[in-house]
2 protein chains.
Amino acid sequence: MKNIDILNNKKNNYFLSIGGIGEIGGNNYLYSFEGEQVIVDAGISFADDSLPGVDITIPDPYIFLNNTIKPKAMILTHAHEDHVGALEYYFDKIDFPIYCNKFTFSYIKHKFKKIPNFEKKFIIIKNNEIVKFNNFSFQLIPTTHSIPDPAGIFFQTSSGNIFHTGDWKIDKNPVTGDPFSYDNYEILRKEKIDLLVGDSTNAGVKEISRSESELDPSFDHLFKTLKGRIIVTCFSSNIARLKTVISNALKHDKKIFVVGRSIKRAINTAIEENLIDNFEILNEKLFDDYNRDKIVLICTGSQGEKNSALSKIANNTHNHIKLSAKDNIIFSSKEIPGNEKSISYLKNSFSYLGLNIISDEDEFVHVSGHPGIKEIKEFYSYLKPLSLIPMHGEYLHLKQHLKIAEDLDIQKTSLLLSGDICQLDLTNKNHKIVDQIIIDKLPVIQNSIIEEVNFINERGKILNNGIVSISCIINKNFDDLKMQIYDKGFPFPFNEQLIEEEIKEIFLNKILFIKDEFNEETLNNLLLDISKKTFSRNFSLKPEFFIHISLI
Amino acid sequence: MKNIDILNNKKNNYFLSIGGIGEIGGNNYLYSFEGEQVIVDAGISFADDSLPGVDITIPDPYIFLNNTIKPKAMILTHAHEDHVGALEYYFDKIDFPIYCNKFTFSYIKHKFKKIPNFEKKFIIIKNNEIVKFNNFSFQLIPTTHSIPDPAGIFFQTSSGNIFHTGDWKIDKNPVTGDPFSYDNYEILRKEKIDLLVGDSTNAGVKEISRSESELDPSFDHLFKTLKGRIIVTCFSSNIARLKTVISNALKHDKKIFVVGRSIKRAINTAIEENLIDNFEILNEKLFDDYNRDKIVLICTGSQGEKNSALSKIANNTHNHIKLSAKDNIIFSSKEIPGNEKSISYLKNSFSYLGLNIISDEDEFVHVSGHPGIKEIKEFYSYLKPLSLIPMHGEYLHLKQHLKIAEDLDIQKTSLLLSGDICQLDLTNKNHKIVDQIIIDKLPVIQNSIIEEVNFINERGKILNNGIVSISCIINKNFDDLKMQIYDKGFPFPFNEQLIEEEIKEIFLNKILFIKDEFNEETLNNLLLDISKKTFSRNFSLKPEFFIHISLI
């Protein structure tokens, strides 16, 4: 890891996105202050079609766990999976403290409870508390977002100050936690922000995000007027949304069912933290026992996840929850890019059951957790950052963020992608990319990080053309040859005997030419080559092959 | 095909959607008039993630090619792939005439030109020409849509009349072909429409589709003001759009490049049919030789198709076309559901090259080819259909179409899905589902229809867990056993020798119990069972297996 070694340079400051720039998800950033490194967030990404059979990936954590560098700390901004979800997969390898505030810890601690003394790796700090290291100090600056107690990070160094926004929006009445207040940012303005590293998710969105609390009258109205059962689906981490739904359900005297482990855990955490008042969650076995007009069911699965309870309910295969025509489902969430097709499938299934489908196209049932153009402009006009690096967004979003900086006359901006090592010149705001490293996204399978990803390529090839397995037993005189050919995932039916004869004949002919020197390996390569050509000639397809040669 | 036999019933009329109801794509309908059947359209669907490695599927044509029924004819409404694309895969099996109008034939004839006398299977008819069969007659009724010469079909029978709308919109100035005119529908209103089978694609869309010609000033303005090269991507079948782009390019003295086989063919067909004036298409090798401000490049690939020229251009891997920062790309097309992620990837790639990206969110560069709510209401208010079956749409769209019917007080409506055999009581408008058949979507691979689709399930299993191949040579005394284990697509590295020993030991132990009766098959099953359990125990994963047993 020669390239990474540059981060140990004691004269300079650096910024490196391990994940999170150039994508939505996988937030994982590294700052190095004159040789002292700190990691910010440890998020997962959802795998796309390029990783068949994989659900979750994480940015390669061995970038900072490889002993070339020795981070002093990790700081978590908030408890969303795209900021903390990767931690559990390498928690045992972490030998530096993890700083976060109380709610973030409460929300994620269950992931580590099987590990003895796990809590000793965490240092729970108060917002605005200054934590000092040799070359820098930092403090968490409270903000607002679609989860309680989110924070940005204000770094102070001898050469200048950095504000890492985390995920944020301006919500002056956020339902849970303190409202957004410029008072929290007074110190930043006083001390000056030499570099702002900021959330780009909605940097192209013209509408403002609106306050979470504005949804309250909307749910009030829906719960008052809708006839039939009401299903509400949202993200389990969206505690404020859950609070709005639950309080309005109780107000209208509804019976509340909650389906799904993650959402039950979220609600329980919120109750423990006094964010939601305690209430009775009914046993889903009793779902049919209550008056249809009195039922609210809360559920995750809004992205059309195939194995979710919501998908089972939609397909009418859930053990206890059966819906009927004239029931209602409210999608209180956005469509995450890439999930449009599964969400559409889900909605069609509910439509087939006869349900009334309500999404944010029909009613005001969702607000975003990220700032649109106007909010970013308002915030930056207050903060007056002297330079900007856009993070947390696809390339298009980063560019849209730069457009905002241009409008605001922020003179220095740097467009980076994950893997770019950027030397920060905070004095002159003259940040520059000094090196680039390739950072893999590692798949997580059965809770394990897979470092060798060749299996993905193999899957891809089989996926397109199928696979054939040939075993061949041959004696040393080449006068006795037994062959078996099997296939899977190969689309064309074929006469195995004919193909076998074709391969055998060419194989035996060619063997005559390598009489001098042969072993199982040379024969294996020969048979592989002949088999490939035979299939390609007969079917114009190139399946993958297993070749078993046994010389007896 | 017992169920299908009902269509031969000489007393009744039936309607069956083979594909196209419950989905966008795969339009393929069957009408049976007292035992005389006619097929309407023969469209393809794009395969989704549930069919790994497959690009195209078609509704099983053996429903009507199986000799249980003997269709009298096929009628094509227009030349879009989701209405005619399947025909080429079973053209040789068709022994009934295919009726269509002149442009539709011109547009699709290249697909069949290798087949001697292919044109003899087609009967080119004029719009409004009445074609008579024993139990029914039909005529093509010209309409407007995003391709020249689209038509609906008006069927007349002794018991009543049916209007099959095809794809349509109200376009009073469609750039190519005749404008939409109610005069064309006078006969329908006079004769009465007992049943209307109608396009549901945009039945939930509040905006009207707007005329194709309204795009003209928009492209005029863009071509006048944009600096740098201009790439325009749209569907190759959208001849009117191509005409608008080309005429404005010529007006502003641009050099025109066209990349992609399908779009070149479309333009040539349009020129042959006098729909577009002849012009000079420049050789793409000369792309770099012209002034950047003078270049318009027209290209398909707007859906992010991976192997398209546009994707290559976006990734800067195209042999001749290299773009630079400050060039422009106009997406003159809609996002087809399911393609959002690939389109987003494409746009990000262009953004990374520095291009200015223009889509219908930014400028008025696309109109839909299907009618929104207001157009449907206007049209039906004129036609006054007495009953309605929604077609061409997902379930949600069909339901939205029913909502319109409700608003218009169309008393009788039937919500069908593909495979529902619907008996049409045109006299009493009392249509009812009398049977249901399951109609597969058959994958097309290498231009062949694959009837046995088990290979898809096999691919799916390998995709999730990988595949292992084990060959085992064993002598009849069980004292000499040679084993080889290979894997592909399996995520966990493992010590082959240890696994082999584990499997061998259990295998040899178990063999002792089946001493009496064994053969390669029983040994094969035994080894498969042991291998499955061994992998599951060691890795909590269930890969697929090939097992080769050789008793020597």
# chains A, B, ... in the order shown; residues from 1 in each chain; ligands from 1
call {"tool": "interface_residues", "arguments": {"of": "chain B", "to": "chain A", "cutoff": "7 Å", "atoms": "only C-alpha atoms", "output": "VMD selection string"}}
result
chain B and resid 52 to 53 337 to 338 340 to 341 348 351 to 352 395 to 396 450 455 to 456 458 to 459 463 to 464 466 469 471 488 to 491 546 548
call {"tool": "residues_around", "arguments": {"residues": "B:Ala309", "least_positions_apart": "2", "cutoff": "10 Å", "atoms": "only C-alpha atoms", "output": "VMD selection string"}}
result
chain B and resid 259 to 261 299 to 301 305 to 307 311 to 315 317 to 319 321
call {"tool": "write_last_selection", "arguments": {"atoms": "C-alpha atoms", "output": "mmCIF file, in the first residue's frame"}}
result
data_model
loop_
_atom_site.group_PDB
_atom_site.id
_atom_site.type_symbol
_atom_site.label_atom_id
_atom_site.label_comp_id
_atom_site.auth_asym_id
_atom_site.auth_seq_id
_atom_site.Cartn_x
_atom_site.Cartn_y
_atom_site.Cartn_z
ATOM 1 C CA VAL B 259 -24.774 6.295 -35.401
ATOM 2 C CA GLY B 260 -26.470 2.912 -35.040
ATOM 3 C CA ARG B 261 -27.883 0.389 -37.483
ATOM 4 C CA CYS B 299 -28.164 8.106 -31.961
ATOM 5 C CA THR B 300 -30.312 5.479 -30.188
ATOM 6 C CA GLY B 301 -29.376 4.082 -26.780
ATOM 7 C CA GLU B 305 -28.534 -0.150 -23.216
ATOM 8 C CA LYS B 306 -25.078 -1.446 -22.343
ATOM 9 C CA ASN B 307 -23.837 -2.427 -25.783
ATOM 10 C CA SER B 311 -22.888 3.819 -24.069
ATOM 11 C CA LYS B 312 -19.556 3.456 -25.833
ATOM 12 C CA ILE B 313 -19.507 7.185 -26.578
ATOM 13 C CA ALA B 314 -20.353 7.928 -22.926
ATOM 14 C CA ASN B 315 -17.517 5.689 -21.744
ATOM 15 C CA THR B 317 -14.522 3.828 -25.879
ATOM 16 C CA HIS B 318 -16.184 4.476 -29.244
ATOM 17 C CA ASN B 319 -13.759 4.066 -32.151
ATOM 18 C CA ILE B 321 -16.792 9.479 -31.743
#
call {"tool": "residues_around", "arguments": {"residues": "stretch 497-505 of chain A", "least_positions_apart": "4", "cutoff": "9 Å", "atoms": "only C-alpha atoms", "output": "PyMOL selection string"}}
result
chain A and resi 481+483-485+509-510+527+530-531+534-535+538
call {"tool": "write_last_selection", "arguments": {"atoms": "N, CA, C and O atoms", "output": "tab-separated table (two decimals), in the first residue's frame"}}
result
chain	number	residue	atom	x	y	z
A	481	LEU	N	-11.67	-44.44	-23.35
A	481	LEU	CA	-12.04	-43.08	-22.95
A	481	LEU	C	-13.51	-43.06	-22.57
A	481	LEU	O	-14.38	-43.51	-23.32
A	483	MET	N	-16.59	-40.55	-21.15
A	483	MET	CA	-16.89	-39.12	-21.02
A	483	MET	C	-18.31	-38.91	-20.53
A	483	MET	O	-19.23	-39.67	-20.88
A	484	GLN	N	-18.50	-37.89	-19.69
A	484	GLN	CA	-19.85	-37.47	-19.27
A	484	GLN	C	-19.97	-35.97	-19.49
A	484	GLN	O	-19.05	-35.22	-19.16
A	485	ILE	N	-21.10	-35.55	-20.04
A	485	ILE	CA	-21.34	-34.11	-20.25
A	485	ILE	C	-22.66	-33.70	-19.60
A	485	ILE	O	-23.70	-34.27	-19.89
A	509	ASN	N	-7.80	-37.27	-31.78
A	509	ASN	CA	-6.93	-36.87	-32.90
A	509	ASN	C	-5.79	-35.99	-32.43
A	509	ASN	O	-4.64	-36.17	-32.79
A	510	LYS	N	-6.14	-35.00	-31.63
A	510	LYS	CA	-5.14	-34.02	-31.18
A	510	LYS	C	-4.13	-34.64	-30.23
A	510	LYS	O	-2.97	-34.23	-30.19
A	527	LEU	N	-8.70	-30.42	-23.70
A	527	LEU	CA	-10.13	-30.74	-23.72
A	527	LEU	C	-10.98	-29.48	-23.56
A	527	LEU	O	-12.04	-29.32	-24.20
A	530	ILE	N	-11.04	-27.66	-26.91
A	530	ILE	CA	-11.89	-28.36	-27.89
A	530	ILE	C	-13.37	-28.20	-27.53
A	530	ILE	O	-14.22	-27.97	-28.41
A	531	SER	N	-13.67	-28.29	-26.24
A	531	SER	CA	-15.07	-28.19	-25.82
A	531	SER	C	-15.62	-26.81	-26.12
A	531	SER	O	-16.74	-26.65	-26.62
A	534	THR	N	-16.25	-26.53	-29.78
A	534	THR	CA	-17.38	-27.36	-30.21
A	534	THR	C	-18.71	-26.69	-29.87
A	534	THR	O	-19.62	-26.65	-30.70
A	535	PHE	N	-18.81	-26.16	-28.65
A	535	PHE	CA	-20.07	-25.49	-28.27
A	535	PHE	C	-20.27	-24.22	-29.08
A	535	PHE	O	-21.38	-23.92	-29.51
A	538	ASN	N	-21.42	-25.21	-32.58
A	538	ASN	CA	-22.77	-25.78	-32.67
A	538	ASN	C	-23.88	-24.82	-32.26
A	538	ASN	O	-24.99	-24.92	-32.77
call {"tool": "residues_around", "arguments": {"residues": "A:Phe219", "least_positions_apart": "3", "cutoff": "8 Å", "atoms": "only C-alpha atoms", "output": "PyMOL selection string"}}
result
chain A and resi 215-216+222-223+244-245+248+365
call {"tool": "write_last_selection", "arguments": {"atoms": "all heavy atoms", "output": "CSV table (one decimal), in the first residue's frame"}}
result
chain,number,residue,atom,x,y,z
A,215,LEU,N,-46.0,17.1,7.9
A,215,LEU,CA,-46.7,15.9,7.6
A,215,LEU,C,-47.8,15.6,8.6
A,215,LEU,O,-48.7,14.8,8.3
A,215,LEU,CB,-45.7,14.7,7.5
A,215,LEU,CG,-44.7,14.8,6.4
A,215,LEU,CD1,-43.7,13.6,6.5
A,215,LEU,CD2,-45.4,14.6,5.0
A,216,ASP,N,-47.7,16.2,9.8
A,216,ASP,CA,-48.7,15.8,10.8
A,216,ASP,C,-50.1,16.1,10.4
A,216,ASP,O,-50.9,15.2,10.5
A,216,ASP,CB,-48.3,16.6,12.1
A,216,ASP,CG,-49.1,16.1,13.3
A,216,ASP,OD1,-48.7,14.9,13.7
A,216,ASP,OD2,-50.0,16.7,13.8
A,222,LEU,N,-55.7,12.0,6.7
A,222,LEU,CA,-55.8,10.7,6.1
A,222,LEU,C,-56.4,9.7,7.1
A,222,LEU,O,-57.3,8.9,6.7
A,222,LEU,CB,-54.5,10.2,5.6
A,222,LEU,CG,-53.9,10.9,4.3
A,222,LEU,CD1,-52.4,10.5,4.1
A,222,LEU,CD2,-54.7,10.5,3.1
A,223,PHE,N,-55.9,9.7,8.3
A,223,PHE,CA,-56.4,8.8,9.3
A,223,PHE,C,-57.9,9.1,9.7
A,223,PHE,O,-58.6,8.2,10.1
A,223,PHE,CB,-55.6,8.8,10.5
A,223,PHE,CG,-54.2,8.1,10.3
A,223,PHE,CD1,-53.8,7.6,9.1
A,223,PHE,CD2,-53.3,7.9,11.4
A,223,PHE,CE1,-52.6,7.0,8.9
A,223,PHE,CE2,-52.1,7.3,11.2
A,223,PHE,CZ,-51.7,6.9,9.9
A,244,THR,N,-44.9,10.5,14.0
A,244,THR,CA,-46.0,11.2,13.3
A,244,THR,C,-47.2,10.2,13.1
A,244,THR,O,-48.3,10.4,13.4
A,244,THR,CB,-45.6,11.8,12.0
A,244,THR,OG1,-44.6,12.8,12.3
A,244,THR,CG2,-46.8,12.6,11.4
A,245,VAL,N,-46.8,9.0,12.5
A,245,VAL,CA,-47.8,8.0,12.2
A,245,VAL,C,-48.4,7.5,13.4
A,245,VAL,O,-49.7,7.4,13.5
A,245,VAL,CB,-47.1,6.9,11.4
A,245,VAL,CG1,-48.1,5.7,11.2
A,245,VAL,CG2,-46.6,7.4,10.0
A,248,ASN,N,-50.7,10.1,15.3
A,248,ASN,CA,-52.0,10.3,14.6
A,248,ASN,C,-52.9,9.0,14.7
A,248,ASN,O,-54.1,9.1,14.8
A,248,ASN,CB,-51.7,10.7,13.2
A,248,ASN,CG,-51.5,12.2,13.1
A,248,ASN,OD1,-52.3,13.0,13.4
A,248,ASN,ND2,-50.2,12.6,12.8
A,365,VAL,N,-47.2,13.0,1.8
A,365,VAL,CA,-46.9,11.9,2.8
A,365,VAL,C,-45.5,11.7,3.0
A,365,VAL,O,-45.0,10.7,3.6
A,365,VAL,CB,-47.6,10.6,2.4
A,365,VAL,CG1,-49.2,10.7,2.6
A,365,VAL,CG2,-47.3,10.2,1.0
call {"tool": "residues_around", "arguments": {"residues": "A:Pro61", "least_positions_apart": "6", "cutoff": "12 Å", "atoms": "only C-alpha atoms", "output": "ChimeraX atom specification"}}
result
/A:17-19,26-30,39,41-44,67,69,71,86-91,93-94,439-443,449-451
call {"tool": "write_last_selection", "arguments": {"atoms": "N, CA, C and O atoms", "output": "tab-separated table (two decimals), in the first residue's frame"}}
result
chain	number	residue	atom	x	y	z
A	17	SER	N	-11.94	10.19	0.00
A	17	SER	CA	-13.21	9.49	0.11
A	17	SER	C	-12.97	8.03	-0.20
A	17	SER	O	-12.51	7.68	-1.29
A	18	ILE	N	-13.23	7.18	0.79
A	18	ILE	CA	-13.09	5.73	0.57
A	18	ILE	C	-14.36	5.24	-0.14
A	18	ILE	O	-14.34	4.33	-0.95
A	19	GLY	N	-15.46	5.88	0.18
A	19	GLY	CA	-16.74	5.63	-0.50
A	19	GLY	C	-17.64	6.83	-0.24
A	19	GLY	O	-17.41	7.58	0.71
A	26	GLY	N	-22.63	4.19	0.91
A	26	GLY	CA	-21.23	3.84	1.19
A	26	GLY	C	-20.39	4.99	1.72
A	26	GLY	O	-19.20	5.08	1.42
A	27	ASN	N	-20.97	5.86	2.54
A	27	ASN	CA	-20.21	7.01	3.05
A	27	ASN	C	-19.10	6.56	3.98
A	27	ASN	O	-19.33	5.89	4.98
A	28	ASN	N	-17.89	6.92	3.64
A	28	ASN	CA	-16.72	6.46	4.38
A	28	ASN	C	-15.55	7.38	3.95
A	28	ASN	O	-15.05	7.26	2.85
A	29	TYR	N	-15.22	8.30	4.84
A	29	TYR	CA	-14.24	9.34	4.49
A	29	TYR	C	-13.05	9.29	5.43
A	29	TYR	O	-13.15	8.80	6.55
A	30	LEU	N	-11.92	9.78	4.94
A	30	LEU	CA	-10.72	9.80	5.75
A	30	LEU	C	-10.09	11.20	5.68
A	30	LEU	O	-9.94	11.76	4.60
A	39	ILE	N	-11.26	8.57	10.65
A	39	ILE	CA	-12.25	8.06	9.69
A	39	ILE	C	-13.61	8.67	10.04
A	39	ILE	O	-13.98	8.72	11.20
A	41	ASP	N	-17.55	8.10	9.39
A	41	ASP	CA	-18.64	7.21	8.94
A	41	ASP	C	-18.12	5.89	8.32
A	41	ASP	O	-16.94	5.78	7.95
A	42	ALA	N	-19.02	4.92	8.26
A	42	ALA	CA	-18.67	3.58	7.79
A	42	ALA	C	-19.93	2.96	7.21
A	42	ALA	O	-20.56	2.08	7.78
A	43	GLY	N	-20.31	3.46	6.02
A	43	GLY	CA	-21.61	3.08	5.47
A	43	GLY	C	-21.57	1.95	4.45
A	43	GLY	O	-20.54	1.67	3.85
A	44	ILE	N	-22.70	1.32	4.27
A	44	ILE	CA	-22.84	0.29	3.24
A	44	ILE	C	-23.43	0.90	1.96
A	44	ILE	O	-24.04	1.96	1.98
A	67	ASN	N	-2.70	-1.40	8.46
A	67	ASN	CA	-1.49	-1.09	9.24
A	67	ASN	C	-0.51	-0.15	8.55
A	67	ASN	O	0.48	0.24	9.18
A	69	ILE	N	-1.45	2.80	7.62
A	69	ILE	CA	-1.80	3.98	8.42
A	69	ILE	C	-2.46	3.48	9.71
A	69	ILE	O	-2.94	2.34	9.77
A	71	PRO	N	-5.26	4.95	12.01
A	71	PRO	CA	-6.19	6.01	12.37
A	71	PRO	C	-6.27	6.19	13.89
A	71	PRO	O	-6.15	5.22	14.65
A	86	ALA	N	-21.56	-0.51	7.73
A	86	ALA	CA	-20.42	-1.40	7.44
A	86	ALA	C	-19.67	-1.79	8.70
A	86	ALA	O	-18.97	-2.81	8.73
A	87	LEU	N	-19.83	-1.00	9.73
A	87	LEU	CA	-19.02	-1.15	10.95
A	87	LEU	C	-19.07	-2.58	11.51
A	87	LEU	O	-18.04	-3.14	11.93
A	88	GLU	N	-20.25	-3.17	11.51
A	88	GLU	CA	-20.39	-4.50	12.12
A	88	GLU	C	-19.54	-5.57	11.43
A	88	GLU	O	-19.25	-6.60	12.03
A	89	TYR	N	-19.18	-5.33	10.16
A	89	TYR	CA	-18.45	-6.38	9.44
A	89	TYR	C	-16.95	-6.36	9.71
A	89	TYR	O	-16.24	-7.28	9.35
A	90	TYR	N	-16.45	-5.25	10.30
A	90	TYR	CA	-15.02	-5.23	10.66
A	90	TYR	C	-14.80	-4.66	12.06
A	90	TYR	O	-13.71	-4.21	12.38
A	91	PHE	N	-15.86	-4.71	12.86
A	91	PHE	CA	-15.79	-4.15	14.21
A	91	PHE	C	-14.64	-4.77	15.01
A	91	PHE	O	-13.92	-4.08	15.74
A	93	LYS	N	-11.85	-5.76	14.07
A	93	LYS	CA	-10.52	-5.35	13.61
A	93	LYS	C	-10.20	-3.90	13.98
A	93	LYS	O	-9.10	-3.41	13.71
A	94	ILE	N	-11.15	-3.23	14.59
A	94	ILE	CA	-10.95	-1.81	14.90
A	94	ILE	C	-10.24	-1.66	16.24
A	94	ILE	O	-10.69	-2.20	17.25
A	439	ILE	N	-10.30	1.82	-5.12
A	439	ILE	CA	-10.89	1.24	-3.91
A	439	ILE	C	-12.04	0.35	-4.32
A	439	ILE	O	-13.02	0.81	-4.91
A	440	ASP	N	-11.93	-0.94	-4.04
A	440	ASP	CA	-12.99	-1.87	-4.41
A	440	ASP	C	-14.19	-1.72	-3.49
A	440	ASP	O	-14.07	-1.32	-2.34
A	441	LYS	N	-15.34	-2.09	-4.05
A	441	LYS	CA	-16.50	-2.33	-3.20
A	441	LYS	C	-16.50	-3.82	-2.91
A	441	LYS	O	-16.58	-4.64	-3.83
A	442	LEU	N	-16.39	-4.19	-1.65
A	442	LEU	CA	-16.33	-5.61	-1.32
A	442	LEU	C	-17.72	-6.13	-0.97
A	442	LEU	O	-18.44	-5.52	-0.16
A	443	PRO	N	-18.11	-7.26	-1.57
A	443	PRO	CA	-19.42	-7.81	-1.24
A	443	PRO	C	-19.45	-8.39	0.18
A	443	PRO	O	-18.43	-8.87	0.67
A	449	ILE	N	-17.11	-10.30	4.89
A	449	ILE	CA	-16.57	-9.50	3.79
A	449	ILE	C	-15.81	-10.43	2.86
A	449	ILE	O	-14.97	-11.21	3.31
A	450	ILE	N	-16.11	-10.39	1.58
A	450	ILE	CA	-15.40	-11.23	0.62
A	450	ILE	C	-14.34	-10.38	-0.07
A	450	ILE	O	-14.68	-9.42	-0.78
A	451	GLU	N	-13.08	-10.73	0.13
A	451	GLU	CA	-12.03	-9.88	-0.43
A	451	GLU	C	-11.68	-10.25	-1.87
A	451	GLU	O	-11.27	-9.41	-2.66
call {"tool": "select_by_dssp", "arguments": {"residues": "stretch 262-310 of chain B", "states": "alpha helix (DSSP H)", "output": "VMD selection string"}}
result
chain B and resid 262 to 272 309 to 310
call {"tool": "select_by_dssp", "arguments": {"residues": "stretch 243-410 of chain A", "states": "strand (DSSP E)", "output": "PyMOL selection string"}}
result
chain A and resi 255-259+281-282+295-299+328-331+356-358+387-391
call {"tool": "atom_distance", "arguments": {"atom1": "atom CA of A:Thr144", "atom2": "atom CA of A:Tyr185"}}
result
12.6 Å
call {"tool": "residues_around", "arguments": {"residues": "B:Thr157", "least_positions_apart": "6", "cutoff": "8 Å", "atoms": "only C-alpha atoms", "output": "mmCIF file with all heavy atoms, in the first residue's frame"}}
result
data_model
loop_
_atom_site.group_PDB
_atom_site.id
_atom_site.type_symbol
_atom_site.label_atom_id
_atom_site.label_comp_id
_atom_site.auth_asym_id
_atom_site.auth_seq_id
_atom_site.Cartn_x
_atom_site.Cartn_y
_atom_site.Cartn_z
ATOM 1 N N PHE B 33 -64.326 -14.986 -33.441
ATOM 2 C CA PHE B 33 -65.697 -14.640 -33.794
ATOM 3 C C PHE B 33 -66.412 -15.891 -34.277
ATOM 4 O O PHE B 33 -66.182 -16.342 -35.407
ATOM 5 C CB PHE B 33 -65.705 -13.544 -34.867
ATOM 6 C CG PHE B 33 -65.009 -12.274 -34.423
ATOM 7 C CD1 PHE B 33 -63.800 -11.890 -34.986
ATOM 8 C CD2 PHE B 33 -65.564 -11.485 -33.415
ATOM 9 C CE1 PHE B 33 -63.167 -10.720 -34.573
ATOM 10 C CE2 PHE B 33 -64.924 -10.324 -32.999
ATOM 11 C CZ PHE B 33 -63.718 -9.942 -33.571
ATOM 12 N N ASN B 135 -67.435 -14.580 -40.523
ATOM 13 C CA ASN B 135 -68.197 -14.138 -39.353
ATOM 14 C C ASN B 135 -67.909 -12.707 -38.909
ATOM 15 O O ASN B 135 -68.485 -12.239 -37.942
ATOM 16 C CB ASN B 135 -67.920 -15.070 -38.167
ATOM 17 C CG ASN B 135 -68.195 -16.524 -38.519
ATOM 18 O OD1 ASN B 135 -69.026 -16.803 -39.388
ATOM 19 N ND2 ASN B 135 -67.511 -17.435 -37.868
ATOM 20 N N PHE B 136 -66.960 -12.081 -39.603
ATOM 21 C CA PHE B 136 -66.647 -10.696 -39.213
ATOM 22 C C PHE B 136 -65.987 -9.978 -40.371
ATOM 23 O O PHE B 136 -65.516 -10.610 -41.334
ATOM 24 C CB PHE B 136 -65.737 -10.664 -37.981
ATOM 25 C CG PHE B 136 -64.329 -11.134 -38.260
ATOM 26 C CD1 PHE B 136 -63.276 -10.231 -38.443
ATOM 27 C CD2 PHE B 136 -64.035 -12.497 -38.357
ATOM 28 C CE1 PHE B 136 -61.984 -10.668 -38.699
ATOM 29 C CE2 PHE B 136 -62.739 -12.944 -38.624
ATOM 30 C CZ PHE B 136 -61.714 -12.028 -38.796
ATOM 31 N N SER B 137 -65.966 -8.670 -40.256
ATOM 32 C CA SER B 137 -65.148 -7.874 -41.172
ATOM 33 C C SER B 137 -64.338 -6.923 -40.311
ATOM 34 O O SER B 137 -64.639 -6.704 -39.142
ATOM 35 C CB SER B 137 -66.029 -7.081 -42.137
ATOM 36 O OG SER B 137 -66.691 -6.056 -41.425
#
